Amino acid sequence: MSTNCEEVWAKCLKIIQENLSKPAFNTWFAPIVPVELKGNLLTIQVQSPFVYEYLEEHYLDLMAMTLHRVIGPDAKLDYRVVVSNDQNIGKEVTYRMPSNGVPKEIPNVSKTISKSVNEPISTYAMPGLKKIQIDPHLNPEYTFDNYVEGECNRLARAAGFAVAGNPAGTSFNPLFIYGGSGLGKTHLANAIGLEVKKNFPDKVVLYVDANKFLTQYMQATRDNNRNDFIHFYQMIDVLILDDVQYFADKQGTQEVFFQIFNHLHQHQKQLILTSDKAPVDLNGMEERLLSRFKWGLAADLQEPDFETRIKILKRKTYKDGIEIKEEILEYIASHVTNNVRELEGTLISLLAQATLNKKEITLELAKGMIDKLVKNTQREISIDYIQKVVCNYFSMSVDVLSSKTRKREIVQARQIAMYFAKNMTKCSLAVIGNAIGNKDHATVLHACKTVNNLIDTDKSFKQDLDEIEKRLKM
Ligand code: ADP
Ligand code: MG
């Protein structure tokens, strides 16, 4: 059969050669390797996705006519591309030209070729003509179902869900998700990808970490494969680029990504980017790239509130089929506060401890372990932490402490924060004043006096203070 395949391909080449200039033939057709012929389906291997696209764009009719003549009216053509610039993205990519890829009427060749150079591929490529199979590199665990919704992520989650239901069809393009480490950026970005695949199985989705993109690009440049690299990425329908902050100060990579970004955006493809900083705070990034990041929607993920932390813990224990008393979950949720990854980590360590030592999961066990895990990091009470706890207690945002307002509650919260900073940190009055509302040392001193007076005279004030102190020491 293989000889048959080679023979058939040789006949095709002969016809193609007659209709093409020598350089064009040598560039585009000579390197093609015939792979197999099954019935009327011929499979050929081309060097790169770029070659495939070029062939389709410029020589579709010529090939259709040729196949029609050599194989017959039902001829079909399959492409095989070996993407070699990265061991991870697509080992072998198969493109398929369905039977209707061969026009019924064989067009006049010379006329068609000149025409096809000037006209876009869509004239010839019927919808669904190419089917690209690329492993999307998505983590199946990171679904929307497993992504607990809370105040901290509501906007980003909703936007992500909307994008997944209508990729490139919303104004959230790009969707830029940002937030601190361990707050769920990777999980959410993945969930969008999985949801797109669920809704639109034919869409080509690719998740790539910015670091990996960087390495691939450097390798492609070294191997003179820059074009192939670009063309590979330009074929994606939904591109998820995680941790784009790694592009900072990487000029070449920014440049190439700019090119890919523009191409995808212009062709109504969806981009999803994540970053540990908001676009405005990304340093070392070219302005034109930053301005594009702002085209769509930038949605942030914040630290989860207590309720969300509990929900996340419950989801996790439920999923793993473990039962843990509510009070233990509450204890964990009130001590591990600013990072979902650590929250999960704590739970996992607790389970491991209990299993290894064949102990029951008790509050004591949890306390002992959290003391060890969290104490060292969180026991060092910082002015920031104090401001957070105080503001949290009074349900106000930390920003208001530095506002100019003379509102009583705010002035008082600021004074309380200063008081605790004086008593619980080693910072000087000047440093404390500077950090809390940009005040001078005299203001801090005055605050401490005021608070001390109130403790002695106002019972409910004292209760508030005791509660805040308890939370600070938790
Ligand atoms: P980031 O990429 O922002 O550093 P990740 O997406 O890797 O954070 O999240 C860290 C861990 O926390 C992951 O295991 C993830 O599943 C979990 N996680 C984060 N946010 C949520 C959430 N809202 N619901 C459930 N799990 C979450
Ligand atoms: Mg991440």
# chains A, B, ... in the order shown; residues from 1 in each chain; ligands from 1

$ residues_near_ligand --ligand "ligand 2" --cutoff "7 Å" --atoms "only C-alpha atoms and all ligand atoms" --output "PyMOL selection string"
chain A and resi 181-182+184-186+242-243

$ residues_near_ligand --ligand "ligand 1" --cutoff "7 Å" --atoms "only C-alpha atoms and all ligand atoms" --output "list in words"
Tyr142, Asn146, Tyr147, Val148, Glu149, Asn153, Gly179, Gly180, Ser181, Gly182, Leu183, Gly184, Lys185, Thr186, His187, Leu188, Ile312, Val340, Arg341 and Glu344 of chain A

$ write_last_selection --atoms "N, CA, C and O atoms" --output "PDB file, in the first residue's frame"
ATOM      1  N   TYR A 142      -9.776  21.448  37.983  1.00  0.00           N
ATOM      2  CA  TYR A 142     -10.046  22.877  38.161  1.00  0.00           C
ATOM      3  C   TYR A 142     -11.293  23.297  37.386  1.00  0.00           C
ATOM      4  O   TYR A 142     -11.205  24.002  36.389  1.00  0.00           O
ATOM      5  N   ASN A 146     -15.960  23.075  41.087  1.00  0.00           N
ATOM      6  CA  ASN A 146     -15.084  23.036  42.250  1.00  0.00           C
ATOM      7  C   ASN A 146     -14.618  24.417  42.685  1.00  0.00           C
ATOM      8  O   ASN A 146     -13.810  24.540  43.594  1.00  0.00           O
ATOM      9  N   TYR A 147     -15.072  25.430  41.993  1.00  0.00           N
ATOM     10  CA  TYR A 147     -14.613  26.783  42.308  1.00  0.00           C
ATOM     11  C   TYR A 147     -15.662  27.492  43.147  1.00  0.00           C
ATOM     12  O   TYR A 147     -16.695  27.919  42.641  1.00  0.00           O
ATOM     13  N   VAL A 148     -15.403  27.584  44.421  1.00  0.00           N
ATOM     14  CA  VAL A 148     -16.391  28.159  45.336  1.00  0.00           C
ATOM     15  C   VAL A 148     -16.549  29.652  45.079  1.00  0.00           C
ATOM     16  O   VAL A 148     -15.571  30.376  44.934  1.00  0.00           O
ATOM     17  N   GLU A 149     -17.802  30.051  45.013  1.00  0.00           N
ATOM     18  CA  GLU A 149     -18.070  31.456  44.754  1.00  0.00           C
ATOM     19  C   GLU A 149     -18.141  32.219  46.070  1.00  0.00           C
ATOM     20  O   GLU A 149     -18.652  31.729  47.066  1.00  0.00           O
ATOM     21  N   ASN A 153     -14.547  36.736  44.714  1.00  0.00           N
ATOM     22  CA  ASN A 153     -14.275  36.346  43.323  1.00  0.00           C
ATOM     23  C   ASN A 153     -15.496  36.491  42.417  1.00  0.00           C
ATOM     24  O   ASN A 153     -15.491  36.005  41.292  1.00  0.00           O
ATOM     25  N   GLY A 179      -4.647  38.903  40.839  1.00  0.00           N
ATOM     26  CA  GLY A 179      -4.787  38.749  42.282  1.00  0.00           C
ATOM     27  C   GLY A 179      -3.550  38.062  42.838  1.00  0.00           C
ATOM     28  O   GLY A 179      -2.755  37.496  42.092  1.00  0.00           O
ATOM     29  N   GLY A 180      -3.406  38.119  44.156  1.00  0.00           N
ATOM     30  CA  GLY A 180      -2.219  37.576  44.802  1.00  0.00           C
ATOM     31  C   GLY A 180      -2.081  36.069  44.632  1.00  0.00           C
ATOM     32  O   GLY A 180      -2.986  35.391  44.149  1.00  0.00           O
ATOM     33  N   SER A 181      -0.935  35.575  45.055  1.00  0.00           N
ATOM     34  CA  SER A 181      -0.645  34.159  44.900  1.00  0.00           C
ATOM     35  C   SER A 181      -1.606  33.303  45.731  1.00  0.00           C
ATOM     36  O   SER A 181      -1.960  33.663  46.848  1.00  0.00           O
ATOM     37  N   GLY A 182      -2.030  32.215  45.148  1.00  0.00           N
ATOM     38  CA  GLY A 182      -2.870  31.268  45.878  1.00  0.00           C
ATOM     39  C   GLY A 182      -4.316  31.691  46.001  1.00  0.00           C
ATOM     40  O   GLY A 182      -5.077  31.111  46.756  1.00  0.00           O
ATOM     41  N   LEU A 183      -4.732  32.687  45.234  1.00  0.00           N
ATOM     42  CA  LEU A 183      -6.119  33.141  45.354  1.00  0.00           C
ATOM     43  C   LEU A 183      -7.043  32.534  44.297  1.00  0.00           C
ATOM     44  O   LEU A 183      -8.221  32.839  44.257  1.00  0.00           O
ATOM     45  N   GLY A 184      -6.504  31.713  43.418  1.00  0.00           N
ATOM     46  CA  GLY A 184      -7.388  30.975  42.514  1.00  0.00           C
ATOM     47  C   GLY A 184      -7.368  31.422  41.057  1.00  0.00           C
ATOM     48  O   GLY A 184      -8.289  31.105  40.315  1.00  0.00           O
ATOM     49  N   LYS A 185      -6.308  32.104  40.628  1.00  0.00           N
ATOM     50  CA  LYS A 185      -6.244  32.549  39.228  1.00  0.00           C
ATOM     51  C   LYS A 185      -6.138  31.362  38.276  1.00  0.00           C
ATOM     52  O   LYS A 185      -6.883  31.255  37.299  1.00  0.00           O
ATOM     53  N   THR A 186      -5.190  30.488  38.577  1.00  0.00           N
ATOM     54  CA  THR A 186      -4.976  29.347  37.689  1.00  0.00           C
ATOM     55  C   THR A 186      -6.228  28.469  37.640  1.00  0.00           C
ATOM     56  O   THR A 186      -6.639  28.022  36.569  1.00  0.00           O
ATOM     57  N   HIS A 187      -6.811  28.272  38.801  1.00  0.00           N
ATOM     58  CA  HIS A 187      -8.024  27.434  38.855  1.00  0.00           C
ATOM     59  C   HIS A 187      -9.123  28.047  37.974  1.00  0.00           C
ATOM     60  O   HIS A 187      -9.714  27.361  37.137  1.00  0.00           O
ATOM     61  N   LEU A 188      -9.366  29.335  38.135  1.00  0.00           N
ATOM     62  CA  LEU A 188     -10.447  29.974  37.390  1.00  0.00           C
ATOM     63  C   LEU A 188     -10.167  29.954  35.880  1.00  0.00           C
ATOM     64  O   LEU A 188     -11.051  29.640  35.075  1.00  0.00           O
ATOM     65  N   ILE A 312     -15.024  26.770  51.162  1.00  0.00           N
ATOM     66  CA  ILE A 312     -13.952  26.082  50.434  1.00  0.00           C
ATOM     67  C   ILE A 312     -13.520  24.833  51.200  1.00  0.00           C
ATOM     68  O   ILE A 312     -13.379  23.749  50.623  1.00  0.00           O
ATOM     69  N   VAL A 340      -5.904  30.805  49.645  1.00  0.00           N
ATOM     70  CA  VAL A 340      -6.658  29.554  49.513  1.00  0.00           C
ATOM     71  C   VAL A 340      -5.716  28.353  49.474  1.00  0.00           C
ATOM     72  O   VAL A 340      -6.012  27.292  50.000  1.00  0.00           O
ATOM     73  N   ARG A 341      -4.561  28.564  48.849  1.00  0.00           N
ATOM     74  CA  ARG A 341      -3.626  27.452  48.752  1.00  0.00           C
ATOM     75  C   ARG A 341      -3.199  26.991  50.143  1.00  0.00           C
ATOM     76  O   ARG A 341      -3.149  25.802  50.437  1.00  0.00           O
ATOM     77  N   GLU A 344      -6.015  25.121  51.916  1.00  0.00           N
ATOM     78  CA  GLU A 344      -6.076  23.712  51.505  1.00  0.00           C
ATOM     79  C   GLU A 344      -4.916  22.925  52.077  1.00  0.00           C
ATOM     80  O   GLU A 344      -5.078  21.792  52.521  1.00  0.00           O
TER      81      GLU A 344
END

$ residues_around --residues "Lys277 (chain A)" --least-positions-apart "2" --cutoff "6 Å" --atoms "only C-alpha atoms" --output "PDB file with all heavy atoms, in the first residue's frame"
ATOM      1  N   TYR A 178      -6.611  39.059  37.793  1.00  0.00           N
ATOM      2  CA  TYR A 178      -5.418  39.296  38.605  1.00  0.00           C
ATOM      3  C   TYR A 178      -5.707  39.175  40.088  1.00  0.00           C
ATOM      4  O   TYR A 178      -6.845  39.304  40.534  1.00  0.00           O
ATOM      5  CB  TYR A 178      -4.776  40.645  38.268  1.00  0.00           C
ATOM      6  CG  TYR A 178      -5.596  41.858  38.651  1.00  0.00           C
ATOM      7  CD1 TYR A 178      -5.377  42.512  39.849  1.00  0.00           C
ATOM      8  CD2 TYR A 178      -6.582  42.353  37.809  1.00  0.00           C
ATOM      9  CE1 TYR A 178      -6.115  43.634  40.206  1.00  0.00           C
ATOM     10  CE2 TYR A 178      -7.334  43.461  38.156  1.00  0.00           C
ATOM     11  CZ  TYR A 178      -7.092  44.099  39.358  1.00  0.00           C
ATOM     12  OH  TYR A 178      -7.831  45.190  39.706  1.00  0.00           O
ATOM     13  N   SER A 275      -2.540  37.378  36.029  1.00  0.00           N
ATOM     14  CA  SER A 275      -1.351  38.088  36.488  1.00  0.00           C
ATOM     15  C   SER A 275      -1.457  38.304  37.985  1.00  0.00           C
ATOM     16  O   SER A 275      -2.555  38.329  38.537  1.00  0.00           O
ATOM     17  CB  SER A 275      -1.281  39.431  35.756  1.00  0.00           C
ATOM     18  OG  SER A 275      -0.507  40.345  36.490  1.00  0.00           O
ATOM     19  N   ASP A 281      -0.189  48.099  37.396  1.00  0.00           N
ATOM     20  CA  ASP A 281       0.958  47.890  38.284  1.00  0.00           C
ATOM     21  C   ASP A 281       2.031  46.973  37.696  1.00  0.00           C
ATOM     22  O   ASP A 281       3.018  46.659  38.350  1.00  0.00           O
ATOM     23  CB  ASP A 281       0.486  47.288  39.620  1.00  0.00           C
ATOM     24  CG  ASP A 281      -0.453  48.228  40.336  1.00  0.00           C
ATOM     25  OD1 ASP A 281      -0.235  49.450  40.236  1.00  0.00           O
ATOM     26  OD2 ASP A 281      -1.411  47.754  40.977  1.00  0.00           O
TER      27      ASP A 281
END

$ select_by_dssp --residues "region 214-274 of chain A" --states "helix (DSSP H, G or I)" --output "PyMOL selection string"
chain A and resi 214-222+226-234+244-247+251-266

$ write_last_selection --atoms "N, CA, C and O atoms" --output "short mmCIF file (atom, residue, chain, number, x, y, z; two decimals), in the first residue's frame"
data_model
loop_
_atom_site.label_atom_id
_atom_site.label_comp_id
_atom_site.auth_asym_id
_atom_site.auth_seq_id
_atom_site.Cartn_x
_atom_site.Cartn_y
_atom_site.Cartn_z
N LEU A 214 7.62 31.46 27.33
CA LEU A 214 8.94 32.08 27.22
C LEU A 214 9.99 31.09 26.74
O LEU A 214 10.75 31.36 25.81
N THR A 215 10.00 29.93 27.39
CA THR A 215 10.99 28.92 27.03
C THR A 215 10.79 28.44 25.61
O THR A 215 11.74 28.31 24.84
N GLN A 216 9.53 28.18 25.26
CA GLN A 216 9.23 27.73 23.90
C GLN A 216 9.73 28.75 22.89
O GLN A 216 10.30 28.40 21.86
N TYR A 217 9.47 30.00 23.22
CA TYR A 217 9.84 31.05 22.27
C TYR A 217 11.35 31.13 22.11
O TYR A 217 11.86 31.26 20.99
N MET A 218 12.06 31.04 23.22
CA MET A 218 13.52 31.12 23.13
C MET A 218 14.06 29.97 22.30
O MET A 218 14.94 30.14 21.47
N GLN A 219 13.47 28.82 22.53
CA GLN A 219 13.92 27.65 21.77
C GLN A 219 13.61 27.80 20.28
O GLN A 219 14.44 27.50 19.43
N ALA A 220 12.41 28.32 20.01
CA ALA A 220 12.02 28.51 18.60
C ALA A 220 12.97 29.49 17.92
O ALA A 220 13.36 29.29 16.76
N THR A 221 13.35 30.53 18.64
CA THR A 221 14.27 31.51 18.06
C THR A 221 15.61 30.86 17.78
O THR A 221 16.20 31.04 16.72
N ARG A 222 16.05 30.07 18.75
CA ARG A 222 17.34 29.40 18.59
C ARG A 222 17.31 28.46 17.39
O ARG A 222 18.25 28.38 16.62
N ARG A 226 10.83 30.63 14.49
CA ARG A 226 9.99 31.69 15.03
C ARG A 226 8.62 31.73 14.34
O ARG A 226 7.59 31.86 14.99
N ASN A 227 8.64 31.59 13.02
CA ASN A 227 7.37 31.65 12.29
C ASN A 227 6.43 30.52 12.66
O ASN A 227 5.25 30.72 12.83
N ASP A 228 7.01 29.34 12.77
CA ASP A 228 6.18 28.19 13.15
C ASP A 228 5.57 28.42 14.52
O ASP A 228 4.40 28.13 14.74
N PHE A 229 6.38 28.94 15.39
CA PHE A 229 5.91 29.23 16.74
C PHE A 229 4.71 30.17 16.69
O PHE A 229 3.66 29.91 17.26
N ILE A 230 4.87 31.24 15.96
CA ILE A 230 3.79 32.23 15.87
C ILE A 230 2.55 31.61 15.24
O ILE A 230 1.44 31.77 15.74
N HIS A 231 2.77 30.87 14.19
CA HIS A 231 1.60 30.30 13.50
C HIS A 231 0.89 29.27 14.35
O HIS A 231 -0.32 29.14 14.29
N PHE A 232 1.66 28.55 15.13
CA PHE A 232 1.00 27.61 16.04
C PHE A 232 0.04 28.35 16.96
O PHE A 232 -1.13 28.00 17.08
N TYR A 233 0.52 29.40 17.56
CA TYR A 233 -0.33 30.13 18.51
C TYR A 233 -1.48 30.87 17.82
O TYR A 233 -2.51 31.12 18.41
N GLN A 234 -1.27 31.21 16.57
CA GLN A 234 -2.33 31.94 15.87
C GLN A 234 -3.49 31.03 15.47
O GLN A 234 -4.52 31.50 15.01
N VAL A 244 1.12 36.23 33.37
CA VAL A 244 1.75 37.05 32.33
C VAL A 244 2.80 37.99 32.90
O VAL A 244 3.64 38.51 32.17
N GLN A 245 2.81 38.16 34.23
CA GLN A 245 3.83 39.05 34.81
C GLN A 245 5.25 38.55 34.54
O GLN A 245 6.20 39.31 34.60
N TYR A 246 5.38 37.26 34.19
CA TYR A 246 6.72 36.74 33.87
C TYR A 246 7.29 37.34 32.59
O TYR A 246 8.47 37.18 32.31
N PHE A 247 6.46 38.00 31.81
CA PHE A 247 6.96 38.64 30.59
C PHE A 247 7.69 39.94 30.88
O PHE A 247 8.27 40.54 29.97
N GLN A 251 11.72 41.63 26.36
CA GLN A 251 11.30 42.37 25.18
C GLN A 251 10.84 41.49 24.02
O GLN A 251 9.79 41.68 23.46
N GLY A 252 11.70 40.52 23.69
CA GLY A 252 11.43 39.68 22.53
C GLY A 252 10.12 38.93 22.69
O GLY A 252 9.31 38.86 21.74
N THR A 253 9.92 38.39 23.86
CA THR A 253 8.70 37.63 24.11
C THR A 253 7.48 38.53 24.06
O THR A 253 6.44 38.17 23.52
N GLN A 254 7.62 39.73 24.61
CA GLN A 254 6.50 40.67 24.57
C GLN A 254 6.14 41.01 23.12
O GLN A 254 4.98 41.09 22.76
N GLU A 255 7.17 41.17 22.35
CA GLU A 255 6.99 41.52 20.94
C GLU A 255 6.20 40.43 20.21
O GLU A 255 5.22 40.68 19.52
N VAL A 256 6.63 39.20 20.42
CA VAL A 256 5.99 38.09 19.70
C VAL A 256 4.58 37.88 20.25
O VAL A 256 3.64 37.58 19.49
N PHE A 257 4.41 38.07 21.53
CA PHE A 257 3.08 37.90 22.08
C PHE A 257 2.14 39.00 21.58
O PHE A 257 0.96 38.77 21.32
N PHE A 258 2.70 40.17 21.43
CA PHE A 258 1.93 41.29 20.88
C PHE A 258 1.36 40.91 19.50
O PHE A 258 0.20 41.12 19.19
N GLN A 259 2.23 40.33 18.72
CA GLN A 259 1.84 39.91 17.37
C GLN A 259 0.72 38.85 17.43
O GLN A 259 -0.27 38.93 16.72
N ILE A 260 0.92 37.88 18.30
CA ILE A 260 -0.08 36.80 18.43
C ILE A 260 -1.38 37.37 18.97
O ILE A 260 -2.47 37.07 18.48
N PHE A 261 -1.25 38.20 19.97
CA PHE A 261 -2.43 38.82 20.57
C PHE A 261 -3.25 39.54 19.50
O PHE A 261 -4.46 39.35 19.38
N ASN A 262 -2.59 40.36 18.72
CA ASN A 262 -3.30 41.13 17.70
C ASN A 262 -4.00 40.22 16.70
O ASN A 262 -5.15 40.43 16.35
N HIS A 263 -3.27 39.21 16.27
CA HIS A 263 -3.86 38.30 15.30
C HIS A 263 -5.11 37.64 15.87
O HIS A 263 -6.17 37.63 15.25
N LEU A 264 -4.99 37.11 17.06
CA LEU A 264 -6.12 36.40 17.66
C LEU A 264 -7.29 37.36 17.88
O LEU A 264 -8.44 37.06 17.55
N HIS A 265 -6.99 38.51 18.40
CA HIS A 265 -8.06 39.47 18.70
C HIS A 265 -8.76 39.89 17.40
O HIS A 265 -9.99 39.95 17.35
N GLN A 266 -7.99 40.14 16.39
CA GLN A 266 -8.58 40.54 15.11
C GLN A 266 -9.44 39.45 14.51
O GLN A 266 -10.38 39.72 13.78
#

$ residues_around --residues "Asn338 (chain A)" --least-positions-apart "5" --cutoff "12 Å" --atoms "only C-alpha atoms" --output "ChimeraX atom specification"
/A:152,179-184,301-306,308-309,332-333,343-344,374,377-378,385,388-389

$ write_last_selection --atoms "N, CA and C atoms" --output "PDB file, in the first residue's frame"
ATOM      1  N   CYS A 152     -15.275  37.565  47.241  1.00  0.00           N
ATOM      2  CA  CYS A 152     -13.912  37.831  46.787  1.00  0.00           C
ATOM      3  C   CYS A 152     -13.691  37.543  45.304  1.00  0.00           C
ATOM      4  N   GLY A 179      -4.647  38.903  40.839  1.00  0.00           N
ATOM      5  CA  GLY A 179      -4.787  38.749  42.282  1.00  0.00           C
ATOM      6  C   GLY A 179      -3.550  38.062  42.838  1.00  0.00           C
ATOM      7  N   GLY A 180      -3.406  38.119  44.156  1.00  0.00           N
ATOM      8  CA  GLY A 180      -2.219  37.576  44.802  1.00  0.00           C
ATOM      9  C   GLY A 180      -2.081  36.069  44.632  1.00  0.00           C
ATOM     10  N   SER A 181      -0.935  35.575  45.055  1.00  0.00           N
ATOM     11  CA  SER A 181      -0.645  34.159  44.900  1.00  0.00           C
ATOM     12  C   SER A 181      -1.606  33.303  45.731  1.00  0.00           C
ATOM     13  N   GLY A 182      -2.030  32.215  45.148  1.00  0.00           N
ATOM     14  CA  GLY A 182      -2.870  31.268  45.878  1.00  0.00           C
ATOM     15  C   GLY A 182      -4.316  31.691  46.001  1.00  0.00           C
ATOM     16  N   LEU A 183      -4.732  32.687  45.234  1.00  0.00           N
ATOM     17  CA  LEU A 183      -6.119  33.141  45.354  1.00  0.00           C
ATOM     18  C   LEU A 183      -7.043  32.534  44.297  1.00  0.00           C
ATOM     19  N   GLY A 184      -6.504  31.713  43.418  1.00  0.00           N
ATOM     20  CA  GLY A 184      -7.388  30.975  42.514  1.00  0.00           C
ATOM     21  C   GLY A 184      -7.368  31.422  41.057  1.00  0.00           C
ATOM     22  N   LEU A 301      -9.184  39.046  41.951  1.00  0.00           N
ATOM     23  CA  LEU A 301      -9.550  38.065  42.972  1.00  0.00           C
ATOM     24  C   LEU A 301      -9.006  38.596  44.282  1.00  0.00           C
ATOM     25  N   GLN A 302      -9.865  38.631  45.291  1.00  0.00           N
ATOM     26  CA  GLN A 302      -9.410  39.139  46.574  1.00  0.00           C
ATOM     27  C   GLN A 302      -9.288  38.007  47.585  1.00  0.00           C
ATOM     28  N   GLU A 303      -8.718  38.364  48.717  1.00  0.00           N
ATOM     29  CA  GLU A 303      -8.602  37.341  49.756  1.00  0.00           C
ATOM     30  C   GLU A 303     -10.005  36.920  50.183  1.00  0.00           C
ATOM     31  N   PRO A 304     -10.197  35.626  50.366  1.00  0.00           N
ATOM     32  CA  PRO A 304     -11.541  35.146  50.689  1.00  0.00           C
ATOM     33  C   PRO A 304     -11.965  35.572  52.095  1.00  0.00           C
ATOM     34  N   ASP A 305     -13.213  35.937  52.238  1.00  0.00           N
ATOM     35  CA  ASP A 305     -13.723  36.255  53.569  1.00  0.00           C
ATOM     36  C   ASP A 305     -13.968  34.953  54.333  1.00  0.00           C
ATOM     37  N   PHE A 306     -14.296  35.090  55.598  1.00  0.00           N
ATOM     38  CA  PHE A 306     -14.448  33.924  56.476  1.00  0.00           C
ATOM     39  C   PHE A 306     -15.438  32.901  55.899  1.00  0.00           C
ATOM     40  N   THR A 308     -16.462  32.396  52.872  1.00  0.00           N
ATOM     41  CA  THR A 308     -15.948  31.693  51.689  1.00  0.00           C
ATOM     42  C   THR A 308     -14.891  30.666  52.091  1.00  0.00           C
ATOM     43  N   ARG A 309     -14.085  31.035  53.059  1.00  0.00           N
ATOM     44  CA  ARG A 309     -13.050  30.081  53.500  1.00  0.00           C
ATOM     45  C   ARG A 309     -13.700  28.805  54.042  1.00  0.00           C
ATOM     46  N   ILE A 332      -9.725  26.452  61.597  1.00  0.00           N
ATOM     47  CA  ILE A 332      -8.778  26.597  60.473  1.00  0.00           C
ATOM     48  C   ILE A 332      -9.077  27.889  59.713  1.00  0.00           C
ATOM     49  N   ALA A 333     -10.364  28.072  59.399  1.00  0.00           N
ATOM     50  CA  ALA A 333     -10.722  29.234  58.579  1.00  0.00           C
ATOM     51  C   ALA A 333     -10.414  30.548  59.276  1.00  0.00           C
ATOM     52  N   LEU A 343      -4.837  27.464  52.860  1.00  0.00           N
ATOM     53  CA  LEU A 343      -6.025  26.923  53.505  1.00  0.00           C
ATOM     54  C   LEU A 343      -6.149  25.435  53.185  1.00  0.00           C
ATOM     55  N   GLU A 344      -6.015  25.121  51.916  1.00  0.00           N
ATOM     56  CA  GLU A 344      -6.076  23.712  51.505  1.00  0.00           C
ATOM     57  C   GLU A 344      -4.916  22.925  52.077  1.00  0.00           C
ATOM     58  N   VAL A 374       1.234  27.933  61.248  1.00  0.00           N
ATOM     59  CA  VAL A 374       0.892  29.326  60.991  1.00  0.00           C
ATOM     60  C   VAL A 374       1.616  30.296  61.906  1.00  0.00           C
ATOM     61  N   THR A 377       4.665  32.267  60.667  1.00  0.00           N
ATOM     62  CA  THR A 377       4.440  33.257  59.637  1.00  0.00           C
ATOM     63  C   THR A 377       3.519  34.362  60.116  1.00  0.00           C
ATOM     64  N   GLN A 378       2.443  33.949  60.800  1.00  0.00           N
ATOM     65  CA  GLN A 378       1.469  34.986  61.074  1.00  0.00           C
ATOM     66  C   GLN A 378       1.643  35.624  62.450  1.00  0.00           C
ATOM     67  N   TYR A 385      -1.262  43.965  59.053  1.00  0.00           N
ATOM     68  CA  TYR A 385      -2.187  42.959  59.575  1.00  0.00           C
ATOM     69  C   TYR A 385      -3.135  43.595  60.594  1.00  0.00           C
ATOM     70  N   LYS A 388      -5.757  45.548  58.934  1.00  0.00           N
ATOM     71  CA  LYS A 388      -6.737  44.664  58.299  1.00  0.00           C
ATOM     72  C   LYS A 388      -7.742  44.137  59.318  1.00  0.00           C
ATOM     73  N   VAL A 389      -7.202  43.650  60.423  1.00  0.00           N
ATOM     74  CA  VAL A 389      -8.089  43.063  61.431  1.00  0.00           C
ATOM     75  C   VAL A 389      -9.036  44.120  62.008  1.00  0.00           C
TER      76      VAL A 389
END

$ residues_around --residues "Pro31 (chain A)" --least-positions-apart "4" --cutoff "8 Å" --atoms "only C-alpha atoms" --output "list in words"
Asn26, Thr27, Val46 and Gln47 of chain A

$ write_last_selection --atoms "N, CA and C atoms" --output "PDB file, in the first residue's frame"
ATOM      1  N   ASN A  26       9.349  23.948  -5.145  1.00  0.00           N
ATOM      2  CA  ASN A  26      10.397  23.439  -4.257  1.00  0.00           C
ATOM      3  C   ASN A  26      10.148  23.830  -2.808  1.00  0.00           C
ATOM      4  N   THR A  27       9.596  25.007  -2.628  1.00  0.00           N
ATOM      5  CA  THR A  27       9.378  25.463  -1.254  1.00  0.00           C
ATOM      6  C   THR A  27       8.232  24.715  -0.601  1.00  0.00           C
ATOM      7  N   VAL A  46       3.291  17.535   6.492  1.00  0.00           N
ATOM      8  CA  VAL A  46       3.967  18.804   6.185  1.00  0.00           C
ATOM      9  C   VAL A  46       4.811  19.210   7.379  1.00  0.00           C
ATOM     10  N   GLN A  47       5.753  20.114   7.135  1.00  0.00           N
ATOM     11  CA  GLN A  47       6.760  20.399   8.157  1.00  0.00           C
ATOM     12  C   GLN A  47       6.223  21.184   9.338  1.00  0.00           C
TER      13      GLN A  47
END

$ select_by_dssp --residues "region 249-328 of chain A" --states "strand (DSSP E or B)" --output "PyMOL selection string"
chain A and resi 270-275+297-300

$ closest_residue --among "A:Glu151, A:Glu342, A:Asp61, A:Asp399" --to "Asn438 (chain A)" --atoms "only C-alpha atoms"
A:Asp399

$ residues_around --residues "Asn166 (chain A)" --least-positions-apart "2" --cutoff "12 Å" --atoms "only C-alpha atoms" --output "ChimeraX atom specification"
/A:159-164,168-173,192-193,195-200,203,237-238,268-270

$ atom_distance --atom1 "CA of Ser349 (chain A)" --atom2 "CA of Val336 (chain A)"
13.0 Å

$ decode --residues "region 150-155 of chain A" --atoms "N, CA and C atoms" --output "mmCIF file, in the first residue's frame"
data_model
loop_
_atom_site.group_PDB
_atom_site.id
_atom_site.type_symbol
_atom_site.label_atom_id
_atom_site.label_comp_id
_atom_site.auth_asym_id
_atom_site.auth_seq_id
_atom_site.Cartn_x
_atom_site.Cartn_y
_atom_site.Cartn_z
ATOM 1 N N GLY A 150 -17.614 33.416 46.056
ATOM 2 C CA GLY A 150 -17.691 34.263 47.241
ATOM 3 C C GLY A 150 -17.596 35.708 46.820
ATOM 4 N N GLU A 151 -17.748 36.600 47.786
ATOM 5 C CA GLU A 151 -17.635 38.026 47.479
ATOM 6 C C GLU A 151 -16.306 38.311 46.801
ATOM 7 N N CYS A 152 -15.275 37.565 47.241
ATOM 8 C CA CYS A 152 -13.912 37.831 46.787
ATOM 9 C C CYS A 152 -13.691 37.543 45.304
ATOM 10 N N ASN A 153 -14.547 36.736 44.714
ATOM 11 C CA ASN A 153 -14.275 36.346 43.323
ATOM 12 C C ASN A 153 -15.496 36.491 42.417
ATOM 13 N N ARG A 154 -16.540 37.143 42.925
ATOM 14 C CA ARG A 154 -17.810 37.129 42.196
ATOM 15 C C ARG A 154 -17.698 37.667 40.770
ATOM 16 N N LEU A 155 -17.090 38.823 40.637
ATOM 17 C CA LEU A 155 -17.021 39.435 39.307
ATOM 18 C C LEU A 155 -16.190 38.577 38.347
#
